[in-house]
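This is entry-v1.pdb (PDB, C-alpha atoms).
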```pdb
ATOM      1  CA  MET L  42     -10.928  20.160 -24.480  1.00  0.00           C
ATOM      2  CA  THR L  43     -14.519  19.498 -25.511  1.00  0.00           C
ATOM      3  CA  ASP L  44     -17.331  18.242 -23.290  1.00  0.00           C
ATOM      4  CA  ALA L  45     -17.328  14.942 -25.196  1.00  0.00           C
ATOM      5  CA  GLU L  46     -13.689  14.346 -24.250  1.00  0.00           C
ATOM      6  CA  TYR L  47     -14.533  14.726 -20.574  1.00  0.00           C
ATOM      7  CA  GLU L  48     -16.890  11.745 -20.855  1.00  0.00           C
ATOM      8  CA  TYR L  49     -13.974   9.305 -21.062  1.00  0.00           C
ATOM      9  CA  ARG L  50     -12.291   8.039 -17.913  1.00  0.00           C
ATOM     10  CA  TYR L  51      -8.782   7.752 -19.400  1.00  0.00           C
ATOM     11  CA  GLN L  52      -6.789   9.982 -21.709  1.00  0.00           C
ATOM     12  CA  MET L  53      -3.348   8.811 -22.791  1.00  0.00           C
ATOM     13  CA  VAL L  54      -0.693  10.763 -24.668  1.00  0.00           C
ATOM     14  CA  TYR L  55       2.061   8.551 -26.069  1.00  0.00           C
ATOM     15  CA  GLU L  56       4.847   8.320 -28.654  1.00  0.00           C
ATOM     16  CA  GLN L  57       6.530  11.398 -27.172  1.00  0.00           C
ATOM     17  CA  GLY L  58       3.374  13.480 -27.339  1.00  0.00           C
ATOM     18  CA  ARG L  59       2.544  12.808 -30.973  1.00  0.00           C
ATOM     19  CA  LYS L  60      -0.595  10.732 -30.356  1.00  0.00           C
ATOM     20  CA  ARG L  61      -3.527  10.794 -27.974  1.00  0.00           C
ATOM     21  CA  VAL L  62      -6.241   8.246 -27.293  1.00  0.00           C
ATOM     22  CA  MET L  63      -9.269   8.288 -24.969  1.00  0.00           C
ATOM     23  CA  SER L  64     -11.311   5.419 -23.562  1.00  0.00           C
ATOM     24  CA  ASP L  65     -13.174   4.133 -20.526  1.00  0.00           C
ATOM     25  CA  ASP L  66     -11.391   0.771 -20.821  1.00  0.00           C
ATOM     26  CA  PRO L  67      -7.669   0.641 -19.935  1.00  0.00           C
ATOM     27  CA  ALA L  68      -7.275  -2.423 -22.165  1.00  0.00           C
ATOM     28  CA  GLU L  69      -8.093  -0.274 -25.187  1.00  0.00           C
ATOM     29  CA  LEU L  70      -5.256   2.065 -24.262  1.00  0.00           C
ATOM     30  CA  LEU L  71      -2.843  -0.832 -23.809  1.00  0.00           C
ATOM     31  CA  ASP L  72      -3.773  -2.018 -27.286  1.00  0.00           C
ATOM     32  CA  HIS L  73      -1.989   1.100 -28.574  1.00  0.00           C
ATOM     33  CA  LEU L  74       1.141   0.244 -26.568  1.00  0.00           C
ATOM     34  CA  ILE L  75       1.101  -3.538 -27.050  1.00  0.00           C
ATOM     35  CA  PRO L  76       0.221  -4.440 -30.664  1.00  0.00           C
ATOM     36  CA  GLY L  77      -2.537  -7.048 -30.890  1.00  0.00           C
ATOM     37  CA  TYR L  78      -3.407  -6.832 -27.193  1.00  0.00           C
ATOM     38  CA  LEU L  79      -7.172  -6.953 -27.747  1.00  0.00           C
ATOM     39  CA  ASP L  80      -6.913  -9.518 -30.528  1.00  0.00           C
ATOM     40  CA  LEU L  81      -5.658 -12.210 -28.155  1.00  0.00           C
ATOM     41  CA  PRO L  82      -7.681 -13.993 -25.434  1.00  0.00           C
ATOM     42  CA  GLU L  83      -7.955 -12.168 -22.134  1.00  0.00           C
ATOM     43  CA  GLU L  84      -6.210 -14.990 -20.262  1.00  0.00           C
ATOM     44  CA  LEU L  85      -3.041 -14.152 -22.221  1.00  0.00           C
ATOM     45  CA  HIS L  86      -3.076 -10.477 -21.250  1.00  0.00           C
ATOM     46  CA  PRO L  87      -1.008 -10.907 -18.039  1.00  0.00           C
ATOM     47  CA  ALA L  88       1.783 -12.561 -20.044  1.00  0.00           C
ATOM     48  CA  LEU L  89       1.606  -9.803 -22.660  1.00  0.00           C
ATOM     49  CA  ARG L  90       1.898  -7.087 -20.017  1.00  0.00           C
ATOM     50  CA  LEU L  91       4.865  -8.859 -18.424  1.00  0.00           C
ATOM     51  CA  SER L  92       6.601  -9.310 -21.765  1.00  0.00           C
ATOM     52  CA  HIS L  93       6.065  -5.648 -22.612  1.00  0.00           C
ATOM     53  CA  ALA L  94       7.454  -4.572 -19.232  1.00  0.00           C
ATOM     54  CA  GLU L  95      10.551  -6.740 -19.648  1.00  0.00           C
ATOM     55  CA  GLU L  96      11.151  -5.318 -23.125  1.00  0.00           C
ATOM     56  CA  SER L  97      10.620  -1.732 -21.930  1.00  0.00           C
ATOM     57  CA  VAL L  98      12.548  -1.682 -18.648  1.00  0.00           C
ATOM     58  CA  HIS L  99      15.975  -0.960 -20.198  1.00  0.00           C
ATOM     59  CA  ARG L 100      14.640   1.762 -22.498  1.00  0.00           C
ATOM     60  CA  LEU L 101      12.780   3.427 -19.636  1.00  0.00           C
ATOM     61  CA  GLN L 102      15.855   3.200 -17.409  1.00  0.00           C
ATOM     62  CA  GLN L 103      18.015   4.936 -20.008  1.00  0.00           C
ATOM     63  CA  ARG L 104      15.485   7.744 -20.341  1.00  0.00           C
ATOM     64  CA  ILE L 105      15.531   8.248 -16.571  1.00  0.00           C
ATOM     65  CA  ASN L 106      19.342   8.147 -16.572  1.00  0.00           C
ATOM     66  CA  VAL L 107      19.444  11.018 -19.054  1.00  0.00           C
ATOM     67  CA  ALA L 108      16.895  13.026 -17.077  1.00  0.00           C
ATOM     68  CA  PHE L 109      18.653  12.643 -13.709  1.00  0.00           C
ATOM     69  CA  GLY L 110      22.276  12.280 -14.774  1.00  0.00           C
ATOM     70  CA  LEU L 111      24.783   9.663 -13.633  1.00  0.00           C
ATOM     71  CA  ASP L 112      27.550  11.934 -12.345  1.00  0.00           C
ATOM     72  CA  GLU L 113      26.912  11.046  -8.691  1.00  0.00           C
ATOM     73  CA  SER L 114      26.532   7.286  -9.253  1.00  0.00           C
ATOM     74  CA  ASP L 115      29.330   5.012  -8.059  1.00  0.00           C
ATOM     75  CA  PRO L 116      30.651   2.285 -10.432  1.00  0.00           C
ATOM     76  CA  GLU L 117      28.354  -0.430  -9.067  1.00  0.00           C
ATOM     77  CA  ARG L 118      25.206   1.680  -9.396  1.00  0.00           C
ATOM     78  CA  TRP L 119      26.364   3.036 -12.767  1.00  0.00           C
ATOM     79  CA  ARG L 120      26.732  -0.516 -14.103  1.00  0.00           C
ATOM     80  CA  LEU L 121      23.282  -1.522 -12.823  1.00  0.00           C
ATOM     81  CA  LEU L 122      21.654   1.573 -14.318  1.00  0.00           C
ATOM     82  CA  THR L 123      23.273   1.342 -17.749  1.00  0.00           C
ATOM     83  CA  THR L 124      23.633  -2.383 -18.488  1.00  0.00           C
ATOM     84  CA  GLU L 125      20.797  -4.229 -20.211  1.00  0.00           C
ATOM     85  CA  ARG L 126      19.689  -6.893 -17.753  1.00  0.00           C
ATOM     86  CA  THR L 127      19.298 -10.560 -18.553  1.00  0.00           C
ATOM     87  CA  ARG L 128      17.906 -11.286 -15.081  1.00  0.00           C
ATOM     88  CA  PRO L 129      16.326  -9.163 -12.333  1.00  0.00           C
ATOM     89  CA  PRO L 130      18.839  -7.541  -9.961  1.00  0.00           C
ATOM     90  CA  ALA L 131      19.132  -9.316  -6.611  1.00  0.00           C
ATOM     91  CA  ILE L 132      19.598  -6.350  -4.280  1.00  0.00           C
ATOM     92  CA  GLU L 133      18.337  -5.702  -0.763  1.00  0.00           C
ATOM     93  CA  ALA L 134      17.831  -1.957  -1.133  1.00  0.00           C
ATOM     94  CA  TRP L 135      18.308   0.892  -3.569  1.00  0.00           C
ATOM     95  CA  SER L 136      19.844   4.256  -2.760  1.00  0.00           C
ATOM     96  CA  GLY L 137      21.081   7.070  -4.925  1.00  0.00           C
ATOM     97  CA  PRO L 138      19.764  10.078  -6.841  1.00  0.00           C
ATOM     98  CA  VAL L 139      18.720   8.138  -9.970  1.00  0.00           C
ATOM     99  CA  PRO L 140      15.474   6.090  -9.737  1.00  0.00           C
ATOM    100  CA  LEU L 141      15.800   2.390 -10.543  1.00  0.00           C
ATOM    101  CA  VAL L 142      13.204   0.759 -12.825  1.00  0.00           C
ATOM    102  CA  LEU L 143      12.192  -2.786 -11.860  1.00  0.00           C
ATOM    103  CA  VAL L 144       9.431  -5.210 -12.840  1.00  0.00           C
ATOM    104  CA  ALA L 145       7.269  -6.061  -9.829  1.00  0.00           C
ATOM    105  CA  ALA L 146       6.445  -9.568 -11.102  1.00  0.00           C
ATOM    106  CA  HIS L 147      10.125 -10.552 -10.797  1.00  0.00           C
ATOM    107  CA  TYR L 148      10.035 -10.270  -7.002  1.00  0.00           C
ATOM    108  CA  ALA L 149       8.102 -11.504  -3.983  1.00  0.00           C
ATOM    109  CA  PRO L 150       5.299 -12.360  -3.588  1.00  0.00           C
ATOM    110  CA  HIS L 151       5.322 -13.421  -7.262  1.00  0.00           C
ATOM    111  CA  THR L 152       8.714 -15.174  -7.026  1.00  0.00           C
ATOM    112  CA  GLU L 153      11.137 -16.231  -4.304  1.00  0.00           C
ATOM    113  CA  LEU L 154      13.423 -13.251  -4.986  1.00  0.00           C
ATOM    114  CA  PRO L 155      13.036 -10.727  -2.110  1.00  0.00           C
ATOM    115  CA  ARG L 156      11.557  -7.389  -3.099  1.00  0.00           C
ATOM    116  CA  PRO L 157      14.129  -4.569  -2.727  1.00  0.00           C
ATOM    117  CA  ARG L 158      13.293  -1.659  -0.472  1.00  0.00           C
ATOM    118  CA  GLU L 159      13.905   2.035  -0.998  1.00  0.00           C
ATOM    119  CA  GLU L 160      16.753   3.398   1.121  1.00  0.00           C
ATOM    120  CA  ASP L 161      17.516   7.042   0.309  1.00  0.00           C
ATOM    121  CA  GLY L 162      16.504   6.283  -3.263  1.00  0.00           C
ATOM    122  CA  ARG L 163      13.452   5.633  -5.410  1.00  0.00           C
ATOM    123  CA  ILE L 164      12.309   2.494  -7.217  1.00  0.00           C
ATOM    124  CA  VAL L 165       9.905   2.797 -10.154  1.00  0.00           C
ATOM    125  CA  TRP L 166       7.919  -0.433 -10.224  1.00  0.00           C
ATOM    126  CA  LEU L 167       6.355  -1.648 -13.462  1.00  0.00           C
ATOM    127  CA  ASP L 168       3.261  -3.322 -12.028  1.00  0.00           C
ATOM    128  CA  THR L 169       1.748  -5.813 -14.485  1.00  0.00           C
ATOM    129  CA  GLU L 170      -0.964  -7.060 -12.098  1.00  0.00           C
ATOM    130  CA  ASP L 171      -3.824  -5.667 -14.222  1.00  0.00           C
ATOM    131  CA  ASP L 172      -4.492  -3.208 -17.042  1.00  0.00           C
ATOM    132  CA  ASP L 173      -5.062  -0.191 -14.813  1.00  0.00           C
ATOM    133  CA  SER L 174      -2.015  -0.721 -12.588  1.00  0.00           C
ATOM    134  CA  TYR L 175       0.245  -1.268 -15.587  1.00  0.00           C
ATOM    135  CA  LEU L 176      -0.932   1.926 -17.270  1.00  0.00           C
ATOM    136  CA  ARG L 177      -0.326   3.881 -14.076  1.00  0.00           C
ATOM    137  CA  SER L 178       3.167   2.456 -13.598  1.00  0.00           C
ATOM    138  CA  VAL L 179       4.166   3.127 -17.209  1.00  0.00           C
ATOM    139  CA  ALA L 180       3.014   6.711 -16.694  1.00  0.00           C
ATOM    140  CA  LEU L 181       5.084   6.976 -13.492  1.00  0.00           C
ATOM    141  CA  ALA L 182       8.086   5.743 -15.466  1.00  0.00           C
ATOM    142  CA  GLY L 183       7.582   8.660 -17.858  1.00  0.00           C
ATOM    143  CA  ASP L 184       6.748   6.660 -20.983  1.00  0.00           C
ATOM    144  CA  ILE L 185       3.221   8.060 -21.359  1.00  0.00           C
ATOM    145  CA  PHE L 186       1.093  10.860 -19.988  1.00  0.00           C
ATOM    146  CA  LEU L 187      -2.060   9.505 -18.374  1.00  0.00           C
ATOM    147  CA  ALA L 188      -5.016  11.585 -17.209  1.00  0.00           C
ATOM    148  CA  MET L 189      -7.915  10.036 -15.326  1.00  0.00           C
ATOM    149  CA  ARG L 190     -11.329  11.544 -14.711  1.00  0.00           C
ATOM    150  CA  VAL L 191     -12.428  11.316 -11.108  1.00  0.00           C
ATOM    151  CA  THR L 192     -16.021  10.126 -10.917  1.00  0.00           C
ATOM    152  CA  ASP L 193     -16.493   9.570  -7.199  1.00  0.00           C
ATOM    153  CA  GLU L 194     -17.722  12.646  -5.359  1.00  0.00           C
ATOM    154  CA  PRO L 195     -17.126  12.969  -1.628  1.00  0.00           C
ATOM    155  CA  GLU L 196     -20.105  12.347   0.581  1.00  0.00           C
ATOM    156  CA  PRO L 197     -21.574  15.470   2.171  1.00  0.00           C
ATOM    157  CA  VAL L 198     -20.634  16.044   5.768  1.00  0.00           C
ATOM    158  CA  ASP L 199     -23.505  16.714   8.152  1.00  0.00           C
ATOM    159  CA  GLU L 200     -23.002  19.964   9.987  1.00  0.00           C
ATOM    160  CA  PRO L 201     -23.702  19.743  13.722  1.00  0.00           C
ATOM    161  CA  GLU L 202     -26.968  21.368  14.680  1.00  0.00           C
ATOM    162  CA  GLU L 203     -26.745  24.317  17.011  1.00  0.00           C
ATOM    163  CA  PRO L 204     -28.955  24.118  20.100  1.00  0.00           C
ATOM    164  CA  GLU L 205     -32.057  26.250  19.934  1.00  0.00           C
ATOM    165  CA  THR L 206     -32.052  29.352  22.104  1.00  0.00           C
ATOM    166  CA  PRO L 207     -35.328  29.948  23.971  1.00  0.00           C
ATOM    167  CA  GLU L 208     -37.083  33.250  23.322  1.00  0.00           C
ATOM    168  CA  ASN L 209     -37.051  34.300  26.976  1.00  0.00           C
ATOM    169  CA  PRO L 210     -34.123  32.531  28.553  1.00  0.00           C
ATOM    170  CA  GLU L 211     -34.097  32.543  32.305  1.00  0.00           C
ATOM    171  CA  THR L 212     -30.969  33.875  33.925  1.00  0.00           C
ATOM    172  CA  PRO L 213     -29.555  31.128  36.108  1.00  0.00           C
ATOM    173  CA  GLU L 214     -28.815  32.008  39.648  1.00  0.00           C
ATOM    174  CA  PRO L 215     -25.128  32.045  40.538  1.00  0.00           C
ATOM    175  CA  ALA L 216     -23.914  28.912  42.214  1.00  0.00           C
ATOM    176  CA  GLN L 217     -23.252  29.206  45.888  1.00  0.00           C
ATOM    177  CA  VAL L 218     -19.605  28.421  46.567  1.00  0.00           C
ATOM    178  CA  THR L 219     -18.772  27.477  50.108  1.00  0.00           C
ATOM    179  CA  PRO L 220     -15.208  28.450  51.064  1.00  0.00           C
ATOM    180  CA  PRO L 221     -13.069  25.621  52.433  1.00  0.00           C
ATOM    181  CA  PRO L 222     -12.696  25.557  56.190  1.00  0.00           C
ATOM    182  CA  PRO L 223      -9.427  26.935  57.545  1.00  0.00           C
ATOM    183  CA  PRO L 224      -6.814  24.368  58.538  1.00  0.00           C
ATOM    184  CA  PRO L 225      -6.628  23.399  62.162  1.00  0.00           C
ATOM    185  CA  PRO L 226      -4.154  25.486  64.141  1.00  0.00           C
ATOM    186  CA  ASN L 227      -0.550  24.363  64.570  1.00  0.00           C
ATOM    187  CA  LEU L 228      -0.774  21.826  61.672  1.00  0.00           C
ATOM    188  CA  PRO L 229       1.455  22.198  58.521  1.00  0.00           C
ATOM    189  CA  GLN L 230       0.026  22.462  54.988  1.00  0.00           C
ATOM    190  CA  TRP L 231       1.444  20.061  52.382  1.00  0.00           C
ATOM    191  CA  SER L 232       2.631  20.443  48.772  1.00  0.00           C
ATOM    192  CA  MET L 233       2.306  17.996  45.886  1.00  0.00           C
ATOM    193  CA  PRO L 234       4.707  15.012  45.939  1.00  0.00           C
ATOM    194  CA  PHE L 235       8.090  15.160  44.235  1.00  0.00           C
ATOM    195  CA  SER L 236       8.125  14.019  40.607  1.00  0.00           C
ATOM    196  CA  THR L 237      10.223  11.031  39.637  1.00  0.00           C
ATOM    197  CA  ALA L 238      12.624  13.435  37.900  1.00  0.00           C
ATOM    198  CA  SER L 239      13.592  15.100  41.171  1.00  0.00           C
ATOM    199  CA  SER L 240      16.615  14.177  43.194  1.00  0.00           C
ATOM    200  CA  GLY L 241      14.686  13.359  46.352  1.00  0.00           C
ATOM    201  CA  PRO L 242      12.319  10.541  47.244  1.00  0.00           C
ATOM    202  CA  ALA L 243       8.719  10.531  46.057  1.00  0.00           C
ATOM    203  CA  GLY L 244       7.304  11.813  49.313  1.00  0.00           C
ATOM    204  CA  ASP L 245       5.370  14.779  50.585  1.00  0.00           C
ATOM    205  CA  VAL L 246       7.344  17.877  51.452  1.00  0.00           C
ATOM    206  CA  PRO L 247       6.051  20.307  54.091  1.00  0.00           C
ATOM    207  CA  LEU L 248       5.918  23.990  53.255  1.00  0.00           C
ATOM    208  CA  ASN L 249       7.489  26.408  55.682  1.00  0.00           C
TER     209      ASN L 249
END
```
Kindly return the structure encoded in the file as structure tokens.
Amino acid sequence: MTDAEYEYRYQMVYEQGRKRVMSDDPAELLDHLIPGYLDLPEELHPALRLSHAEESVHRLQQRINVAFGLDESDPERWRLLTTERTRPPAIEAWSGPVPLVLVAAHYAPHTELPRPREEDGRIVWLDTEDDDSYLRSVALAGDIFLAMRVTDEPEPVDEPEEPETPENPETPEPAQVTPPPPPPPNLPQWSMPFSTASSGPAGDVPLN
């Protein structure tokens, strides 16, 4: 990879590794996935991303099915994973070894349909909220390879300053410790109280 290629924020490999494109603008990358994306007004881009996600969800699901295998899927899950959907699945949760591909815009808070949760399974969400999030989600679904250059560097952490040591430190005098006075004669000494986990009451117990 040349130094010039490192100048771009995004690098996308698509069409099963046959093509690569680089850009600082995610919309320019989407123009290679969605024909005519940049030719249409920007206010139409959300609808274009949603349409592309709806057209791609079945194809992406089948690719994941092949990668993970359906041998351990019960009939209900097998039908959901293999059938081309005419409407978004209305499920409370997803479990199983094969990830389920869903379009985020079909569920709350975008619609009244509750968003399914992951329950011993994984959901791959196609997020059409903006250009960047859609590119990332398509990459997570395995349709493209997306590399991003990190530009933000972490802020330096100030090391704590060590206290200065004087050239001729004075040796402190040892502290004078006064021994406690002996207990009065013929009086018992006492232990700590019982804990609440003991079988007796929380009272003081004399030592013999």
Just say which residues the PyMOL selection byres ((chain L and resi 138-148) around 6) picks in this file, as a PyMOL selection string.
chain L and resi 102+109+137+149+151-152+154-156+163-168
Expected selection from the PyMOL selection byres ((chain L and resi 172) around 10), given as number ranges by chain
L: 66-71, 86-87, 90, 168-171, 173-177
Could you please take those selected residues and save C-alpha atoms as an mmCIF file, in the frame of the given file?
```cif
data_model
loop_
_atom_site.group_PDB
_atom_site.id
_atom_site.type_symbol
_atom_site.label_atom_id
_atom_site.label_comp_id
_atom_site.auth_asym_id
_atom_site.auth_seq_id
_atom_site.Cartn_x
_atom_site.Cartn_y
_atom_site.Cartn_z
ATOM 1 C CA ASP L 66 -11.391 0.771 -20.821
ATOM 2 C CA PRO L 67 -7.669 0.641 -19.935
ATOM 3 C CA ALA L 68 -7.275 -2.423 -22.165
ATOM 4 C CA GLU L 69 -8.093 -0.274 -25.187
ATOM 5 C CA LEU L 70 -5.256 2.065 -24.262
ATOM 6 C CA LEU L 71 -2.843 -0.832 -23.809
ATOM 7 C CA HIS L 86 -3.076 -10.477 -21.250
ATOM 8 C CA PRO L 87 -1.008 -10.907 -18.039
ATOM 9 C CA ARG L 90 1.898 -7.087 -20.017
ATOM 10 C CA ASP L 168 3.261 -3.322 -12.028
ATOM 11 C CA THR L 169 1.748 -5.813 -14.485
ATOM 12 C CA GLU L 170 -0.964 -7.060 -12.098
ATOM 13 C CA ASP L 171 -3.824 -5.667 -14.222
ATOM 14 C CA ASP L 173 -5.062 -0.191 -14.813
ATOM 15 C CA SER L 174 -2.015 -0.721 -12.588
ATOM 16 C CA TYR L 175 0.245 -1.268 -15.587
ATOM 17 C CA LEU L 176 -0.932 1.926 -17.270
ATOM 18 C CA ARG L 177 -0.326 3.881 -14.076
#
```
When you look at Arg100 in chain L with a cut-off of 12 Å (counting all atoms listed in the file), what residues show up, excluding the ones that are within fewer than 5 positions of it in the same chain? I need them as a PyMOL selection string.
chain L and resi 93-95+105-107+122-126+142-143+179+182-184
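In this model, the gap between CA of Val191 in chain L and CA of Arg50 in chain L comes to 7.6 Å.
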To one decimal place in Å, what is the distance between CA of Lys60 in chain L and CA of Leu187 in chain L?
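Pair CA of Lys60 in chain L / CA of Leu187 in chain L returns 12.1 Å.
Closest approach to His99 in chain L among L:Ile132, L:Leu121, L:Ile75, L:Val54 is made by L:Leu121 (distances from all atoms listed in the file).
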d(CA of Glu56 in chain L, CA of His73 in chain L) in Å:
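Going from CA of Glu56 in chain L over to CA of His73 in chain L covers 9.9 Å.
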Under the PyMOL selection byres ((chain L and resi 64) around 6), which residues of this model are included? Write them out as a PyMOL selection string.
chain L and resi 49+51+63+65-66
Using only C-alpha atoms, which of L:Leu101, L:Ala180, L:Leu79, L:Ala134 sits nearest Arg118 in chain L?
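Residue with the minimum atom-to-atom distance to Arg118 in chain L: L:Ala134.
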Spatial neighbours of Trp135 in chain L, max dist 7 Å, only C-alpha atoms, sep filter under 6 positions, as a list in words
Pro157, Arg158, Glu159, Glu160 and Gly162 of chain L
If I only want range 83-107 of chain L, can you write it with N, CA and C atoms, as a short mmCIF file (atom, residue, chain, number, x, y, z; two decimals), in the first residue's frame?
```
data_model
loop_
_atom_site.label_atom_id
_atom_site.label_comp_id
_atom_site.auth_asym_id
_atom_site.auth_seq_id
_atom_site.Cartn_x
_atom_site.Cartn_y
_atom_site.Cartn_z
N GLU L 83 -29.67 14.80 -2.19
CA GLU L 83 -29.27 14.21 -0.91
C GLU L 83 -30.46 13.83 -0.05
N GLU L 84 -31.58 14.56 -0.18
CA GLU L 84 -32.75 14.23 0.63
C GLU L 84 -33.37 12.89 0.26
N LEU L 85 -32.99 12.34 -0.90
CA LEU L 85 -33.49 11.02 -1.30
C LEU L 85 -32.56 9.89 -0.86
N HIS L 86 -31.40 10.22 -0.34
CA HIS L 86 -30.43 9.19 0.03
C HIS L 86 -30.95 8.24 1.11
N PRO L 87 -31.65 8.71 2.16
CA PRO L 87 -32.17 7.75 3.14
C PRO L 87 -33.08 6.70 2.51
N ALA L 88 -33.95 7.11 1.58
CA ALA L 88 -34.83 6.14 0.92
C ALA L 88 -34.04 5.18 0.05
N LEU L 89 -32.97 5.66 -0.58
CA LEU L 89 -32.14 4.79 -1.41
C LEU L 89 -31.42 3.75 -0.55
N ARG L 90 -30.91 4.18 0.60
CA ARG L 90 -30.24 3.22 1.49
C ARG L 90 -31.22 2.17 1.98
N LEU L 91 -32.43 2.60 2.35
CA LEU L 91 -33.43 1.65 2.83
C LEU L 91 -33.82 0.67 1.74
N SER L 92 -34.03 1.17 0.54
CA SER L 92 -34.39 0.29 -0.57
C SER L 92 -33.28 -0.72 -0.86
N HIS L 93 -32.04 -0.27 -0.81
CA HIS L 93 -30.92 -1.17 -1.04
C HIS L 93 -30.83 -2.24 0.05
N ALA L 94 -31.07 -1.84 1.30
CA ALA L 94 -31.04 -2.80 2.40
C ALA L 94 -32.14 -3.85 2.24
N GLU L 95 -33.33 -3.41 1.87
CA GLU L 95 -34.45 -4.35 1.70
C GLU L 95 -34.19 -5.32 0.55
N GLU L 96 -33.53 -4.84 -0.50
CA GLU L 96 -33.21 -5.71 -1.63
C GLU L 96 -32.06 -6.67 -1.31
N SER L 97 -31.21 -6.28 -0.36
CA SER L 97 -30.00 -7.07 -0.07
C SER L 97 -30.18 -8.05 1.06
N VAL L 98 -31.19 -7.87 1.91
CA VAL L 98 -31.27 -8.64 3.16
C VAL L 98 -31.37 -10.14 2.88
N HIS L 99 -32.14 -10.56 1.88
CA HIS L 99 -32.28 -11.99 1.61
C HIS L 99 -30.97 -12.57 1.07
N ARG L 100 -30.33 -11.85 0.17
CA ARG L 100 -29.05 -12.33 -0.38
C ARG L 100 -27.99 -12.45 0.71
N LEU L 101 -27.92 -11.46 1.59
CA LEU L 101 -26.95 -11.50 2.67
C LEU L 101 -27.26 -12.63 3.65
N GLN L 102 -28.56 -12.86 3.89
CA GLN L 102 -28.94 -13.94 4.80
C GLN L 102 -28.53 -15.30 4.23
N GLN L 103 -28.71 -15.50 2.94
CA GLN L 103 -28.33 -16.78 2.34
C GLN L 103 -26.82 -17.00 2.40
N ARG L 104 -26.06 -15.93 2.24
CA ARG L 104 -24.60 -16.07 2.34
C ARG L 104 -24.20 -16.47 3.75
N ILE L 105 -24.85 -15.88 4.75
CA ILE L 105 -24.56 -16.24 6.14
C ILE L 105 -25.00 -17.68 6.42
N ASN L 106 -26.14 -18.08 5.85
CA ASN L 106 -26.61 -19.45 6.05
C ASN L 106 -25.58 -20.47 5.56
N VAL L 107 -24.98 -20.19 4.41
CA VAL L 107 -23.98 -21.10 3.86
C VAL L 107 -22.75 -21.13 4.74
#
```
